[in-house]
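Trainee: File data-v3.txt follows (compact mmCIF, C-alpha atoms and all ligand atoms):
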```
# COMPACT_ATOMS: atom_id res chain seq x y z
CA MET A 1 -96.98 -6.83 -128.97
CA GLY A 2 -97.64 -4.58 -125.98
CA MET A 3 -94.92 -2.27 -127.22
CA LYS A 4 -96.40 -2.21 -130.72
CA LYS A 5 -99.77 -1.22 -129.37
CA LYS A 6 -98.19 1.51 -127.29
CA MET A 7 -96.31 2.84 -130.28
CA ALA A 8 -99.42 2.85 -132.44
CA GLY A 9 -101.12 4.93 -129.77
CA LEU A 10 -98.09 7.13 -129.55
CA MET A 11 -98.08 7.65 -133.29
CA ALA A 12 -101.75 8.52 -133.35
CA LEU A 13 -101.26 10.95 -130.50
CA SER A 14 -98.23 12.59 -131.97
CA MET A 15 -99.88 12.91 -135.37
CA MET A 16 -102.88 14.49 -133.69
CA ALA A 17 -100.59 16.87 -131.87
CA PHE A 18 -98.87 17.82 -135.09
CA GLY A 19 -102.18 18.16 -136.89
CA VAL A 20 -103.25 20.69 -134.30
CA MET A 21 -99.89 22.41 -134.51
CA ALA A 22 -100.06 22.71 -138.27
CA GLY A 23 -103.39 24.47 -137.94
CA CYS A 24 -102.30 27.20 -135.52
CA GLY A 25 -99.25 29.39 -135.29
CA SER A 26 -97.93 28.45 -131.89
CA ALA A 27 -96.67 24.90 -132.02
CA GLN A 28 -97.12 24.15 -128.38
CA ASN A 29 -98.88 21.79 -126.12
CA SER A 30 -98.06 22.35 -122.51
CA SER A 31 -98.78 20.49 -119.32
CA THR A 32 -97.55 20.61 -115.76
CA GLN A 33 -96.37 17.21 -114.68
CA ASP A 34 -97.72 16.61 -111.22
CA GLY A 35 -100.64 19.00 -110.93
CA GLY A 36 -99.85 19.73 -107.27
CA ALA A 37 -99.84 23.08 -105.50
CA PRO A 38 -97.49 25.65 -107.05
CA ALA A 39 -93.95 25.23 -105.75
CA GLU A 40 -92.36 28.13 -103.88
CA GLY A 41 -89.62 28.51 -106.44
CA GLY A 42 -92.07 29.12 -109.31
CA THR A 43 -92.37 27.24 -112.58
CA LEU A 44 -89.51 25.71 -114.53
CA ARG A 45 -90.45 25.45 -118.21
CA MET A 46 -88.79 22.66 -120.15
CA GLY A 47 -89.18 22.42 -123.92
CA THR A 48 -89.06 19.10 -125.69
CA ASN A 49 -90.27 17.16 -128.73
CA ALA A 50 -92.10 14.13 -127.39
CA THR A 51 -91.72 11.83 -130.40
CA PHE A 52 -88.42 10.44 -129.25
CA PRO A 53 -88.75 7.38 -126.98
CA PRO A 54 -87.29 6.49 -124.54
CA TYR A 55 -86.11 10.08 -123.95
CA GLU A 56 -89.55 11.61 -124.44
CA SER A 57 -92.90 10.43 -125.66
CA VAL A 58 -96.54 11.09 -124.83
CA ASP A 59 -98.33 8.45 -122.78
CA GLU A 60 -102.01 7.52 -122.94
CA ASN A 61 -102.87 10.35 -120.52
CA ASN A 62 -101.17 12.87 -122.80
CA LYS A 63 -98.35 13.25 -120.29
CA VAL A 64 -94.76 13.61 -121.50
CA VAL A 65 -92.74 10.70 -120.11
CA GLY A 66 -89.21 9.37 -120.54
CA ILE A 67 -85.59 9.82 -119.52
CA ASP A 68 -85.47 13.58 -120.17
CA ALA A 69 -88.81 14.15 -118.43
CA ASP A 70 -87.62 12.21 -115.37
CA ILE A 71 -84.30 14.06 -115.21
CA ALA A 72 -86.11 17.39 -115.62
CA GLN A 73 -88.48 16.46 -112.79
CA VAL A 74 -85.54 15.79 -110.47
CA ILE A 75 -83.96 19.10 -111.49
CA ALA A 76 -87.22 20.95 -110.72
CA ASP A 77 -87.58 19.15 -107.38
CA LYS A 78 -84.01 20.04 -106.40
CA LEU A 79 -84.69 23.68 -107.29
CA ASN A 80 -88.01 23.58 -105.43
CA MET A 81 -89.81 24.51 -108.65
CA GLU A 82 -92.81 23.11 -110.45
CA LEU A 83 -91.95 21.49 -113.77
CA GLU A 84 -93.95 22.45 -116.84
CA ILE A 85 -93.19 20.52 -120.03
CA ILE A 86 -93.91 22.27 -123.30
CA ASN A 87 -94.09 19.96 -126.30
CA MET A 88 -93.15 21.44 -129.66
CA GLU A 89 -91.43 20.53 -132.90
CA PHE A 90 -87.73 19.79 -132.55
CA ASP A 91 -86.60 22.68 -134.72
CA ALA A 92 -88.73 25.11 -132.65
CA LEU A 93 -86.74 24.47 -129.46
CA ILE A 94 -83.76 26.74 -130.06
CA PRO A 95 -85.95 29.65 -131.25
CA ALA A 96 -88.20 29.12 -128.18
CA LEU A 97 -85.14 29.45 -125.92
CA GLY A 98 -84.14 32.63 -127.72
CA ALA A 99 -87.67 34.04 -127.31
CA GLY A 100 -87.76 33.21 -123.59
CA GLN A 101 -90.74 30.85 -124.01
CA ILE A 102 -88.91 28.03 -122.22
CA ASP A 103 -86.19 28.01 -119.56
CA PHE A 104 -84.32 25.02 -120.94
CA ALA A 105 -84.67 22.28 -123.54
CA MET A 106 -84.07 18.59 -123.05
CA ALA A 107 -84.83 16.59 -126.16
CA GLY A 108 -82.04 14.10 -126.74
CA MET A 109 -80.41 17.21 -128.15
CA THR A 110 -76.88 16.87 -129.46
CA ALA A 111 -74.46 19.48 -128.15
CA LYS A 112 -72.75 20.68 -131.28
CA PRO A 113 -70.69 23.78 -132.11
CA GLU A 114 -73.16 25.38 -134.56
CA ARG A 115 -75.94 25.22 -131.98
CA ALA A 116 -73.59 26.47 -129.27
CA GLU A 117 -73.51 29.78 -131.13
CA GLN A 118 -77.22 30.17 -130.31
CA VAL A 119 -77.61 28.38 -126.96
CA ASP A 120 -75.46 27.33 -124.02
CA PHE A 121 -75.12 23.60 -123.46
CA SER A 122 -74.93 21.97 -120.06
CA THR A 123 -72.54 19.20 -119.23
CA SER A 124 -73.42 16.18 -121.39
CA TYR A 125 -75.63 13.69 -119.56
CA THR A 126 -75.49 10.82 -122.04
CA THR A 127 -74.45 9.67 -125.52
CA GLY A 128 -76.47 9.06 -128.67
CA ILE A 129 -75.55 7.34 -131.91
CA GLN A 130 -76.93 8.21 -135.33
CA VAL A 131 -77.98 4.94 -136.97
CA ILE A 132 -79.54 3.87 -140.25
CA ILE A 133 -82.93 2.11 -140.39
CA VAL A 134 -83.72 0.16 -143.58
CA GLN A 135 -86.27 -2.40 -144.70
CA GLU A 136 -85.23 -6.00 -144.08
CA GLY A 137 -83.69 -7.23 -147.33
CA SER A 138 -82.51 -3.75 -148.34
CA ASP A 139 -79.29 -3.58 -150.41
CA ILE A 140 -78.07 -0.72 -148.20
CA THR A 141 -75.32 -1.84 -145.82
CA THR A 142 -73.08 1.24 -145.39
CA VAL A 143 -73.30 5.03 -145.23
CA GLU A 144 -71.73 5.03 -148.71
CA ASP A 145 -74.73 3.09 -150.07
CA LEU A 146 -77.05 5.94 -149.06
CA LYS A 147 -75.55 8.19 -151.74
CA SER A 148 -77.83 6.90 -154.47
CA LYS A 149 -80.91 6.63 -152.21
CA LYS A 150 -83.66 8.72 -150.65
CA VAL A 151 -83.15 9.11 -146.92
CA GLY A 152 -85.72 10.31 -144.41
CA VAL A 153 -84.70 12.49 -141.47
CA GLN A 154 -86.35 14.58 -138.77
CA THR A 155 -86.18 18.26 -139.70
CA GLY A 156 -83.40 20.20 -138.03
CA THR A 157 -81.72 17.23 -136.36
CA THR A 158 -78.10 16.21 -136.68
CA GLY A 159 -79.25 13.32 -138.88
CA ASP A 160 -80.74 15.94 -141.22
CA GLU A 161 -77.48 17.88 -141.22
CA TYR A 162 -75.20 14.87 -141.89
CA CYS A 163 -77.38 13.51 -144.66
CA SER A 164 -77.86 16.90 -146.31
CA ASP A 165 -74.09 17.52 -146.21
CA ASP A 166 -72.96 14.03 -147.21
CA LEU A 167 -75.65 13.00 -149.69
CA GLY A 168 -76.96 16.31 -151.00
CA GLU A 169 -80.42 17.82 -150.59
CA ASP A 170 -81.86 15.74 -153.45
CA HIS A 171 -81.32 12.58 -151.45
CA VAL A 172 -82.91 13.85 -148.24
CA GLN A 173 -86.56 14.02 -147.31
CA ARG A 174 -87.48 15.88 -144.11
CA PHE A 175 -90.29 14.85 -141.77
CA GLU A 176 -91.66 16.46 -138.62
CA SER A 177 -90.69 13.42 -136.55
CA GLY A 178 -88.76 10.17 -136.74
CA ILE A 179 -92.08 8.35 -136.33
CA VAL A 180 -93.48 9.88 -139.52
CA ALA A 181 -90.19 9.27 -141.35
CA THR A 182 -90.31 5.62 -140.30
CA GLN A 183 -93.88 5.38 -141.57
CA ALA A 184 -92.65 6.62 -144.96
CA LEU A 185 -89.97 3.90 -144.92
CA VAL A 186 -92.56 1.24 -144.16
CA ASN A 187 -94.66 2.54 -147.06
CA GLY A 188 -91.67 2.44 -149.40
CA GLN A 189 -91.62 6.19 -150.06
CA ILE A 190 -88.01 6.40 -148.88
CA ASP A 191 -85.12 3.89 -148.67
CA ALA A 192 -83.74 4.59 -145.18
CA VAL A 193 -84.11 6.73 -142.06
CA VAL A 194 -81.15 8.26 -140.22
CA ILE A 195 -81.98 8.89 -136.56
CA ASP A 196 -80.71 8.38 -133.02
CA ASN A 197 -80.27 4.76 -131.92
CA GLU A 198 -82.69 4.51 -129.01
CA PRO A 199 -85.73 6.01 -130.79
CA ALA A 200 -84.69 3.91 -133.81
CA LYS A 201 -85.01 0.75 -131.70
CA ALA A 202 -88.50 1.81 -130.59
CA TYR A 203 -89.62 2.56 -134.16
CA VAL A 204 -88.24 -0.75 -135.47
CA GLU A 205 -89.89 -2.59 -132.60
CA ALA A 206 -93.23 -0.98 -133.49
CA ASN A 207 -93.11 -1.84 -137.19
CA GLU A 208 -92.76 -5.13 -139.05
CA GLY A 209 -89.98 -5.63 -141.58
CA LEU A 210 -87.43 -3.02 -140.50
CA LYS A 211 -83.88 -3.33 -139.16
CA ILE A 212 -81.07 -1.13 -137.90
CA LEU A 213 -77.69 -1.41 -139.64
CA ASP A 214 -74.61 -2.17 -137.54
CA THR A 215 -72.81 0.76 -139.19
CA GLN A 216 -72.87 3.82 -136.95
CA TYR A 217 -73.19 7.17 -138.68
CA ALA A 218 -72.00 9.34 -135.77
CA VAL A 219 -71.59 9.27 -131.99
CA GLU A 220 -72.86 12.35 -130.17
CA ASP A 221 -73.24 13.92 -126.73
CA TYR A 222 -76.69 14.88 -125.47
CA ALA A 223 -77.02 17.96 -123.28
CA ALA A 224 -79.61 20.38 -121.93
CA ALA A 225 -79.78 23.70 -123.78
CA ILE A 226 -80.28 27.05 -122.04
CA ALA A 227 -80.77 30.46 -123.67
CA LYS A 228 -77.43 32.02 -124.57
CA GLY A 229 -76.15 34.24 -121.80
CA ASN A 230 -78.79 33.27 -119.20
CA THR A 231 -76.12 32.45 -116.65
CA GLU A 232 -78.53 32.33 -113.73
CA MET A 233 -80.61 29.58 -115.36
CA TYR A 234 -77.48 27.91 -116.72
CA ASP A 235 -75.91 27.65 -113.27
CA LYS A 236 -79.11 26.22 -111.80
CA ILE A 237 -79.66 23.56 -114.47
CA ASN A 238 -76.02 22.68 -114.98
CA GLY A 239 -75.33 22.65 -111.24
CA VAL A 240 -78.05 20.07 -110.61
CA LEU A 241 -77.10 18.02 -113.68
CA GLU A 242 -73.49 17.80 -112.49
CA GLU A 243 -74.74 16.66 -109.11
CA LEU A 244 -77.07 14.04 -110.64
CA LYS A 245 -74.25 12.72 -112.81
CA ALA A 246 -71.90 12.46 -109.85
CA ASP A 247 -74.34 10.75 -107.49
CA GLY A 248 -75.50 8.16 -110.04
CA THR A 249 -79.08 9.47 -110.43
CA ILE A 250 -78.74 9.95 -114.20
CA ASP A 251 -77.39 6.41 -114.67
CA LYS A 252 -80.22 5.07 -112.55
CA ILE A 253 -82.91 6.87 -114.57
CA ILE A 254 -81.38 5.77 -117.88
CA ALA A 255 -81.19 2.16 -116.65
CA GLU A 256 -84.94 2.23 -116.02
CA TYR A 257 -85.54 2.77 -119.74
CA ILE A 258 -82.56 1.23 -121.54
CA HIS A 259 -81.67 -2.37 -120.78
CA GLU A 260 -78.47 -3.46 -122.46
N1 LIG B 301 -79.87 14.09 -131.33
C1 LIG B 301 -80.48 14.64 -132.48
C2 LIG B 301 -80.25 16.12 -132.56
O1 LIG B 301 -79.93 16.74 -131.60
C3 LIG B 301 -81.98 14.35 -132.57
C4 LIG B 301 -82.75 14.90 -131.42
C5 LIG B 301 -84.27 14.74 -131.58
O2 LIG B 301 -84.79 14.47 -132.64
N2 LIG B 301 -85.00 14.88 -130.53
O3 LIG B 301 -80.38 16.70 -133.60
```
So that I can check it, write out the structure of this file as structure tokens.

Mentor:
Amino acid sequence: MGMKKKMAGLMALSMMAFGVMAGCGSAQNSSTQDGGAPAEGGTLRMGTNATFPPYESVDENNKVVGIDADIAQVIADKLNMELEIINMEFDALIPALGAGQIDFAMAGMTAKPERAEQVDFSTSYTTGIQVIIVQEGSDITTVEDLKSKKVGVQTGTTGDEYCSDDLGEDHVQRFESGIVATQALVNGQIDAVVIDNEPAKAYVEANEGLKILDTQYAVEDYAAAIAKGNTEMYDKINGVLEELKADGTIDKIIAEYIHE
């Protein structure tokens, strides 16, 4: 119940954010996280797409919270920098890195070869699984069953890529977030949603009548992305991430959000 309320608020907020974004050219909504005095090391700008709980979502104070936000905060602290989180659409993150608008992206982003042509990926800090959300009572039980259906995805994600490749464009409908895709599933406009497992759990929790299939579509590695060739930033971010993996900080942060 509490969770459902939170998600409803989250949906309203994220839809508002996207409404604003649709109206103006620059799809950004930025906020510094702790509002304290500027850190000596300057500002560290992290790009994300805060529609992806528990990795990133917007809380009732319009603050970006979640696993990636917490990890990024520790990275900034270690570098003696002030963290600024810039919220944008998922498919805007790689272009924003290229344009120098952000220093790194953390967004439950899958490190995959095609993206690695445009950005440099840090060491992977955790794993994600592409899963299939359907309505309870759906006749869909396997990936194969999706071939005759309409599947919702978040634009530019790996779920989008797999479904477009495997099912063909005619069977894929793109949405600006998994939350909006899930809404379309609830309304019966589409037959399934393919998205990462942890956000999928949050969306299913927040809506009546949905379930996640046991069949896994793909297992992936999440990593931070840094602009291609920015070795100075890469070494900073990757260096701290390696340290946080080794000393158990990453596991500790993840365990605060994901209870298995
Ligand atoms: N892991 C998926 C990808 O990298 C989805 C990420 C997201 O939507 N935030 O494409």

Trainee: Show me which residues sit within 9 Å of ligand LIG 301 (chain B) when counting all atoms listed in the file, and put them as a ChimeraX atom specification.

Mentor: /A:48-52,55-56,89-91,106-112,128-130,154-161,177-178,195-196,199,220-223

Trainee: Could you jot down the CA of Glu40 (chain A) to CA of Leu244 (chain A) separation for me, Å, one decimal place?

Mentor: 21.9 Å

Trainee: Counting all atoms listed in the file, which residues sit no farther than 9 Å from the position (-92.6, 0.6, -137.8) in the file's frame? I'd like them as a list in words.

Mentor: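 The answer, in the requested form, is Lys4, Met7, Ala8, Ile179, Thr182, Gln183, Leu185, Val186, Ala202, Tyr203, Val204, Glu205, Ala206, Asn207, Glu208, Gly209 and Leu210 of chain A.
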
Trainee: Counting only C-alpha atoms, which of A:Ala181, A:Leu213, A:Val219, A:Leu167 gets nearest to Ile140 (chain A)?

Mentor: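 Distance minimum relative to Ile140 (chain A) lands on A:Leu213.
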
Trainee: Compare A:Arg45, A:Thr126, A:Ile212, A:Ala69 by their minimum atom-to-atom distance to Ala200 (chain A), counting only C-alpha atoms, and give me the closest one.

Mentor: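 Looking at the shortest contact to Ala200 (chain A), the residue is A:Ile212.
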
Trainee: Just how far from CA of Asp68 (chain A) is CA of Tyr162 (chain A), in Å to one decimal?

Mentor: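 Between these atoms lies a distance of 24.1 Å.
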
Trainee: Name all residues at most 12 Å from Asp139 (chain A) (count only C-alpha atoms; drop same-chain ones fewer than 6 positions away) and give them as a PDB file with C-alpha atoms, in the coordinates of the input.

Mentor:
```
ATOM      1  CA  ASP A 145     -74.730   3.090-150.070  1.00  0.00           C
ATOM      2  CA  LEU A 146     -77.050   5.940-149.060  1.00  0.00           C
ATOM      3  CA  SER A 148     -77.830   6.900-154.470  1.00  0.00           C
ATOM      4  CA  LYS A 149     -80.910   6.630-152.210  1.00  0.00           C
ATOM      5  CA  ASP A 191     -85.120   3.890-148.670  1.00  0.00           C
ATOM      6  CA  ALA A 192     -83.740   4.590-145.180  1.00  0.00           C
ATOM      7  CA  LEU A 213     -77.690  -1.410-139.640  1.00  0.00           C
TER       8      LEU A 213
END
```

Trainee: Which of these residues is nearest to Leu79 (chain A), using all atoms listed in the file: A:Asn62, A:Ser164, A:Ser138, A:Asn238?

Mentor: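 Going through A:Asn62, A:Ser164, A:Ser138, A:Asn238 one by one, the smallest distance to Leu79 (chain A) is for A:Asn238.
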
Trainee: I need the residue nearest Ile258 (chain A) from this list: A:Val172, A:Ile133, A:Val194, A:Ile67. Use all atoms listed in the file for the distance.

Mentor: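 Nearest to Ile258 (chain A): A:Ile67.
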